[in-house]
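Enquirer: Below is one structure. I have some questions about it.
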Amino acid sequence: MAKTPGIPARRAALKLLDAVMRRGETLEQAENAALKGVDGPADRALARAIAGETLRWLADLDALIDSATRKRLPDDAKPRMVLRLMLAQALRLGTPPHAVVATGLDLLAGGPRRLAHGVFSTLMKREVSLPDAPTLPDPVRARWGDRAEAIAPGLVDPPEVDLSLRQPDEAAERALAMGGVSLARGHIRLPRGTPIDRLPSFDEGAWWVQDLAAQIAPRLLGEGVGKRALDLCAAPGGKTLALAAAGWRVTALDISEKRLGLLRENLKRTGLEAEIVKADALAYTPAKRFDAILLDAPCTATGTCRRHPDVLHRVSERQIGEMSEIQQSLIHRAIEWMQPGCVLVYAVCSLEAEEGEAQARWIDATFDLEPMPVSADELPAKLRPTPEGWVRTHPGELAEHGGLDGFFIARWRKPV
Ligand SMILES: C[S@@+](CC[C@H](N)C(=O)[O-])C[C@H]1O[C@@H](n2cnc3c(N)ncnc32)[C@H](O)[C@@H]1O
């Protein structure tokens, strides 16, 4: 018998949701296994979109489900998982309800299909809708505090596509040719979903994909002609490329051979150069002196929640604490190597104060370094530094242009 079209994509979306919610995996980690047997890029994209929208709006979808059930379905019960996916399709992806039912109930074969059908039909008859911005899960709201309300509107949609240019002065001209806008020197923003590898000049290596907020950290090292920089956690290399393009002689170090493979590909495609070192920064001693060190530290990556909404549900206090310890070890190491005059830029794509502001305060209190406050004219698109001279970006900022990833960035110098 012929399979109903679209069911493999829904089955894959269920596996993705299950991997995140029950096993704490990232969407990326779960993809290989979950998408096995899903043919064609359109169905794979559909599976990703259903899982992504479900995770982005999870608290609101759950509230709707709870409003239509007499007895609360357990969080990890399969009917709740399937109903979440069905509602995300109807309310976020515009899938007609009959198609949602035709492809959704099959996922509950041998289970409570009538219950799921009843809840879904009740909610459709009520013509329910989602709020203007997703409701953040309680633990996330507690952690993000006052900022949570400003961040949530930035999570409504996946992000647009930002490019960083090898020749910054070409931004205006290339933005026009590509149908995008430039919000900063060397930056182009394109509509979400733009197929990257089909853009003109991809093979020529004139640009690489990098969120506007991620473009800030390497810029804070300044022009690098005649100077050496150590990019301490470098792969896959977005910031290495930016430093090399700004004239720095870059040593790019990372512990992951797989991710360094991507960095090598990026260097090859863009024709930029860097010395590559595969090492554990905690066990490495550089032979050279550096004028600047960029520590783009491993972190919980909650600042990337627009493109990776799984972080909203799987990052715990424990993981934040563990990351914070690793970051402090790496900071310690980097500071040991700083010569007088050497600049340190610390960055994390995290919205957690423990990985950002608290680390900057710890550096100020522990080490003999001069803070180098960031000024407004060093930042793109009218962003402002914090009163301390740090950079704190979040998805709700520059909303009129499509938002930003969440980053914390701060800068110091070793006294001469
Ligand atoms: C936030 S990512 C870096 C992103 C990169 N700077 C970019 O712009 O493309 C953090 C990196 O730290 C690396 N890493 C984690 N622990 C490390 C260690 N002990 N030594 C060196 N690299 C490490 C990871 O492999 C990962 O590639």
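If you're wondering about the labels, chains in the structure tokens are A, B, ... by order shown, residues count from 1 in each chain, ligands from 1 in order shown.
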Using only C-alpha atoms and all ligand atoms, what does the table of chain A residues within 10 Å of ligand 1 look like, with each row giving the shortest atom pair and its distance in Å to one decimal, sorted by chain and ascending number, as JSON lines?

Expert:
{"residue": "A:Val209", "atom": "CA", "partner": "ligand 1", "partner_atom_place_in_ligand_line": "9 (O)", "distance": 9.9}
{"residue": "A:Gln210", "atom": "CA", "partner": "ligand 1", "partner_atom_place_in_ligand_line": "8 (O)", "distance": 8.1}
{"residue": "A:Asp211", "atom": "CA", "partner": "ligand 1", "partner_atom_place_in_ligand_line": "8 (O)", "distance": 9.9}
{"residue": "A:Ala214", "atom": "CA", "partner": "ligand 1", "partner_atom_place_in_ligand_line": "8 (O)", "distance": 7.2}
{"residue": "A:Gln215", "atom": "CA", "partner": "ligand 1", "partner_atom_place_in_ligand_line": "8 (O)", "distance": 8.6}
{"residue": "A:Ala217", "atom": "CA", "partner": "ligand 1", "partner_atom_place_in_ligand_line": "8 (O)", "distance": 9.0}
{"residue": "A:Pro218", "atom": "CA", "partner": "ligand 1", "partner_atom_place_in_ligand_line": "8 (O)", "distance": 8.8}
{"residue": "A:Asp231", "atom": "CA", "partner": "ligand 1", "partner_atom_place_in_ligand_line": "6 (N)", "distance": 7.2}
{"residue": "A:Leu232", "atom": "CA", "partner": "ligand 1", "partner_atom_place_in_ligand_line": "21 (C)", "distance": 6.4}
{"residue": "A:Cys233", "atom": "CA", "partner": "ligand 1", "partner_atom_place_in_ligand_line": "12 (O)", "distance": 4.0}
{"residue": "A:Ala234", "atom": "CA", "partner": "ligand 1", "partner_atom_place_in_ligand_line": "6 (N)", "distance": 4.0}
{"residue": "A:Ala235", "atom": "CA", "partner": "ligand 1", "partner_atom_place_in_ligand_line": "27 (O)", "distance": 4.3}
{"residue": "A:Pro236", "atom": "CA", "partner": "ligand 1", "partner_atom_place_in_ligand_line": "9 (O)", "distance": 4.1}
{"residue": "A:Gly237", "atom": "CA", "partner": "ligand 1", "partner_atom_place_in_ligand_line": "9 (O)", "distance": 3.7}
{"residue": "A:Gly238", "atom": "CA", "partner": "ligand 1", "partner_atom_place_in_ligand_line": "8 (O)", "distance": 4.0}
{"residue": "A:Lys239", "atom": "CA", "partner": "ligand 1", "partner_atom_place_in_ligand_line": "8 (O)", "distance": 4.2}
{"residue": "A:Thr240", "atom": "CA", "partner": "ligand 1", "partner_atom_place_in_ligand_line": "8 (O)", "distance": 6.7}
{"residue": "A:Leu241", "atom": "CA", "partner": "ligand 1", "partner_atom_place_in_ligand_line": "8 (O)", "distance": 8.4}
{"residue": "A:Ala242", "atom": "CA", "partner": "ligand 1", "partner_atom_place_in_ligand_line": "8 (O)", "distance": 8.9}
{"residue": "A:Ala252", "atom": "CA", "partner": "ligand 1", "partner_atom_place_in_ligand_line": "6 (N)", "distance": 8.9}
{"residue": "A:Leu253", "atom": "CA", "partner": "ligand 1", "partner_atom_place_in_ligand_line": "21 (C)", "distance": 6.2}
{"residue": "A:Asp254", "atom": "CA", "partner": "ligand 1", "partner_atom_place_in_ligand_line": "22 (N)", "distance": 3.8}
{"residue": "A:Ile255", "atom": "CA", "partner": "ligand 1", "partner_atom_place_in_ligand_line": "22 (N)", "distance": 4.1}
{"residue": "A:Ser256", "atom": "CA", "partner": "ligand 1", "partner_atom_place_in_ligand_line": "25 (O)", "distance": 4.6}
{"residue": "A:Glu257", "atom": "CA", "partner": "ligand 1", "partner_atom_place_in_ligand_line": "25 (O)", "distance": 8.1}
{"residue": "A:Lys258", "atom": "CA", "partner": "ligand 1", "partner_atom_place_in_ligand_line": "25 (O)", "distance": 8.6}
{"residue": "A:Arg259", "atom": "CA", "partner": "ligand 1", "partner_atom_place_in_ligand_line": "27 (O)", "distance": 6.0}
{"residue": "A:Leu260", "atom": "CA", "partner": "ligand 1", "partner_atom_place_in_ligand_line": "27 (O)", "distance": 7.7}
{"residue": "A:Leu262", "atom": "CA", "partner": "ligand 1", "partner_atom_place_in_ligand_line": "9 (O)", "distance": 9.2}
{"residue": "A:Leu263", "atom": "CA", "partner": "ligand 1", "partner_atom_place_in_ligand_line": "9 (O)", "distance": 7.8}
{"residue": "A:Asn266", "atom": "CA", "partner": "ligand 1", "partner_atom_place_in_ligand_line": "9 (O)", "distance": 10.0}
{"residue": "A:Val277", "atom": "CA", "partner": "ligand 1", "partner_atom_place_in_ligand_line": "21 (C)", "distance": 9.3}
{"residue": "A:Lys278", "atom": "CA", "partner": "ligand 1", "partner_atom_place_in_ligand_line": "21 (C)", "distance": 7.7}
{"residue": "A:Ala279", "atom": "CA", "partner": "ligand 1", "partner_atom_place_in_ligand_line": "21 (C)", "distance": 5.9}
{"residue": "A:Asp280", "atom": "CA", "partner": "ligand 1", "partner_atom_place_in_ligand_line": "20 (N)", "distance": 3.7}
{"residue": "A:Ala281", "atom": "CA", "partner": "ligand 1", "partner_atom_place_in_ligand_line": "20 (N)", "distance": 3.8}
{"residue": "A:Leu282", "atom": "CA", "partner": "ligand 1", "partner_atom_place_in_ligand_line": "19 (N)", "distance": 5.4}
{"residue": "A:Ala283", "atom": "CA", "partner": "ligand 1", "partner_atom_place_in_ligand_line": "19 (N)", "distance": 7.9}
{"residue": "A:Tyr284", "atom": "CA", "partner": "ligand 1", "partner_atom_place_in_ligand_line": "20 (N)", "distance": 8.4}
{"residue": "A:Leu294", "atom": "CA", "partner": "ligand 1", "partner_atom_place_in_ligand_line": "6 (N)", "distance": 8.3}
{"residue": "A:Leu295", "atom": "CA", "partner": "ligand 1", "partner_atom_place_in_ligand_line": "6 (N)", "distance": 7.6}
{"residue": "A:Asp296", "atom": "CA", "partner": "ligand 1", "partner_atom_place_in_ligand_line": "6 (N)", "distance": 5.0}
{"residue": "A:Ala297", "atom": "CA", "partner": "ligand 1", "partner_atom_place_in_ligand_line": "10 (C)", "distance": 5.1}
{"residue": "A:Pro298", "atom": "CA", "partner": "ligand 1", "partner_atom_place_in_ligand_line": "10 (C)", "distance": 3.9}
{"residue": "A:Cys299", "atom": "CA", "partner": "ligand 1", "partner_atom_place_in_ligand_line": "1 (C)", "distance": 6.4}
{"residue": "A:Thr300", "atom": "CA", "partner": "ligand 1", "partner_atom_place_in_ligand_line": "1 (C)", "distance": 8.9}
{"residue": "A:Ala301", "atom": "CA", "partner": "ligand 1", "partner_atom_place_in_ligand_line": "1 (C)", "distance": 7.6}
{"residue": "A:Met323", "atom": "CA", "partner": "ligand 1", "partner_atom_place_in_ligand_line": "16 (N)", "distance": 9.8}
{"residue": "A:Ile326", "atom": "CA", "partner": "ligand 1", "partner_atom_place_in_ligand_line": "16 (N)", "distance": 7.7}
{"residue": "A:Gln327", "atom": "CA", "partner": "ligand 1", "partner_atom_place_in_ligand_line": "16 (N)", "distance": 8.7}
{"residue": "A:Ser329", "atom": "CA", "partner": "ligand 1", "partner_atom_place_in_ligand_line": "19 (N)", "distance": 8.7}
{"residue": "A:Leu330", "atom": "CA", "partner": "ligand 1", "partner_atom_place_in_ligand_line": "19 (N)", "distance": 7.0}
{"residue": "A:Ala347", "atom": "CA", "partner": "ligand 1", "partner_atom_place_in_ligand_line": "1 (C)", "distance": 8.3}
{"residue": "A:Val348", "atom": "CA", "partner": "ligand 1", "partner_atom_place_in_ligand_line": "1 (C)", "distance": 6.6}
{"residue": "A:Cys349", "atom": "CA", "partner": "ligand 1", "partner_atom_place_in_ligand_line": "1 (C)", "distance": 6.9}
{"residue": "A:Ser350", "atom": "CA", "partner": "ligand 1", "partner_atom_place_in_ligand_line": "1 (C)", "distance": 9.4}

Enquirer: Out of A:Gly6, A:Gly110, A:Pro97, A:Pro309, which residue has the shortest atom-to-atom distance to Val20 of chain A when counting only C-alpha atoms?

Expert: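 For Val20 of chain A, the nearest of the given residues is A:Pro309.
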
Enquirer: Looking at A:His332, A:Arg318, A:His308, A:Arg141, which one is nearest to Thr26 of chain A, with distances taken over only C-alpha atoms?

Expert: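 Closest residue, counting only C-alpha atoms: A:His308.
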
Enquirer: If we count only C-alpha atoms, what is near Ala172 of chain A at a cut-off of 10 Å, once residues fewer than 2 positions away on the same chain are taken out, given as a ChimeraX atom specification?

Expert: /A:168-170,174-177,180-188

Enquirer: Would you mind reading off the distance between atom CA of Val140 of chain A and atom CA of Glu317 of chain A, one decimal, in Å?

Expert: 9.8 Å

Enquirer: Could you list, as a list in words, every residue within 10 Å of Val100 of chain A, counting only C-alpha atoms and ignoring same-chain residues fewer than 2 positions away?

Expert: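 With the cut-off at 10 Å, the set is Gly6, Ile7, Arg10, Leu83, Leu85, Met86, Leu87, Ala88, Gln89, Ala90, Gly94, Thr95, Pro96, Pro97, His98, Ala102, Thr103, Gly104, Leu105 and Phe120 of chain A.
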
Enquirer: Pull N, CA and C atoms from the residues just selected and write them as a PDB file, in the first residue's frame.

Expert:
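Listing of result.pdb after writing:
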ATOM      1  N   GLY A   6       4.181  12.748   3.298  1.00  0.00           N
ATOM      2  CA  GLY A   6       4.349  13.672   4.420  1.00  0.00           C
ATOM      3  C   GLY A   6       4.485  12.984   5.767  1.00  0.00           C
ATOM      4  N   ILE A   7       4.125  11.695   5.851  1.00  0.00           N
ATOM      5  CA  ILE A   7       4.223  11.045   7.166  1.00  0.00           C
ATOM      6  C   ILE A   7       5.686  10.854   7.614  1.00  0.00           C
ATOM      7  N   ARG A  10       6.817  13.912   9.418  1.00  0.00           N
ATOM      8  CA  ARG A  10       6.198  14.076  10.755  1.00  0.00           C
ATOM      9  C   ARG A  10       6.828  13.094  11.743  1.00  0.00           C
ATOM     10  N   LEU A  83       0.446  15.966  19.768  1.00  0.00           N
ATOM     11  CA  LEU A  83      -0.432  17.153  19.713  1.00  0.00           C
ATOM     12  C   LEU A  83       0.378  18.447  19.577  1.00  0.00           C
ATOM     13  N   LEU A  85       3.189  18.772  18.017  1.00  0.00           N
ATOM     14  CA  LEU A  85       3.613  18.860  16.611  1.00  0.00           C
ATOM     15  C   LEU A  85       2.443  19.247  15.708  1.00  0.00           C
ATOM     16  N   MET A  86       1.273  18.671  15.988  1.00  0.00           N
ATOM     17  CA  MET A  86       0.091  18.958  15.152  1.00  0.00           C
ATOM     18  C   MET A  86      -0.295  20.435  15.260  1.00  0.00           C
ATOM     19  N   LEU A  87      -0.290  20.936  16.496  1.00  0.00           N
ATOM     20  CA  LEU A  87      -0.689  22.341  16.687  1.00  0.00           C
ATOM     21  C   LEU A  87       0.337  23.302  16.093  1.00  0.00           C
ATOM     22  N   ALA A  88       1.627  22.939  16.209  1.00  0.00           N
ATOM     23  CA  ALA A  88       2.665  23.814  15.622  1.00  0.00           C
ATOM     24  C   ALA A  88       2.460  23.920  14.115  1.00  0.00           C
ATOM     25  N   GLN A  89       2.065  22.822  13.488  1.00  0.00           N
ATOM     26  CA  GLN A  89       1.843  22.872  12.032  1.00  0.00           C
ATOM     27  C   GLN A  89       0.642  23.760  11.697  1.00  0.00           C
ATOM     28  N   ALA A  90      -0.450  23.557  12.462  1.00  0.00           N
ATOM     29  CA  ALA A  90      -1.672  24.312  12.150  1.00  0.00           C
ATOM     30  C   ALA A  90      -1.500  25.805  12.456  1.00  0.00           C
ATOM     31  N   GLY A  94       0.952  26.990   8.965  1.00  0.00           N
ATOM     32  CA  GLY A  94      -0.159  27.188   8.038  1.00  0.00           C
ATOM     33  C   GLY A  94      -0.636  25.913   7.362  1.00  0.00           C
ATOM     34  N   THR A  95      -0.353  24.750   7.941  1.00  0.00           N
ATOM     35  CA  THR A  95      -0.817  23.489   7.348  1.00  0.00           C
ATOM     36  C   THR A  95      -2.322  23.365   7.593  1.00  0.00           C
ATOM     37  N   PRO A  96      -3.111  23.056   6.565  1.00  0.00           N
ATOM     38  CA  PRO A  96      -4.564  22.940   6.782  1.00  0.00           C
ATOM     39  C   PRO A  96      -4.871  21.829   7.795  1.00  0.00           C
ATOM     40  N   PRO A  97      -5.860  22.055   8.686  1.00  0.00           N
ATOM     41  CA  PRO A  97      -6.137  21.082   9.747  1.00  0.00           C
ATOM     42  C   PRO A  97      -6.373  19.653   9.231  1.00  0.00           C
ATOM     43  N   HIS A  98      -7.063  19.492   8.081  1.00  0.00           N
ATOM     44  CA  HIS A  98      -7.301  18.119   7.608  1.00  0.00           C
ATOM     45  C   HIS A  98      -5.984  17.424   7.278  1.00  0.00           C
ATOM     46  N   ALA A 102      -4.488  14.074   8.962  1.00  0.00           N
ATOM     47  CA  ALA A 102      -4.165  12.922   8.098  1.00  0.00           C
ATOM     48  C   ALA A 102      -2.743  12.434   8.319  1.00  0.00           C
ATOM     49  N   THR A 103      -1.838  13.337   8.652  1.00  0.00           N
ATOM     50  CA  THR A 103      -0.438  12.932   8.811  1.00  0.00           C
ATOM     51  C   THR A 103      -0.054  12.773  10.278  1.00  0.00           C
ATOM     52  N   GLY A 104      -0.873  13.292  11.185  1.00  0.00           N
ATOM     53  CA  GLY A 104      -0.489  13.309  12.596  1.00  0.00           C
ATOM     54  C   GLY A 104      -0.946  12.080  13.363  1.00  0.00           C
ATOM     55  N   LEU A 105      -2.186  11.667  13.143  1.00  0.00           N
ATOM     56  CA  LEU A 105      -2.729  10.596  13.981  1.00  0.00           C
ATOM     57  C   LEU A 105      -2.014   9.272  13.747  1.00  0.00           C
ATOM     58  N   PHE A 120      -7.387  18.087  19.312  1.00  0.00           N
ATOM     59  CA  PHE A 120      -7.021  18.932  18.170  1.00  0.00           C
ATOM     60  C   PHE A 120      -8.278  19.578  17.560  1.00  0.00           C
TER      61      PHE A 120
END
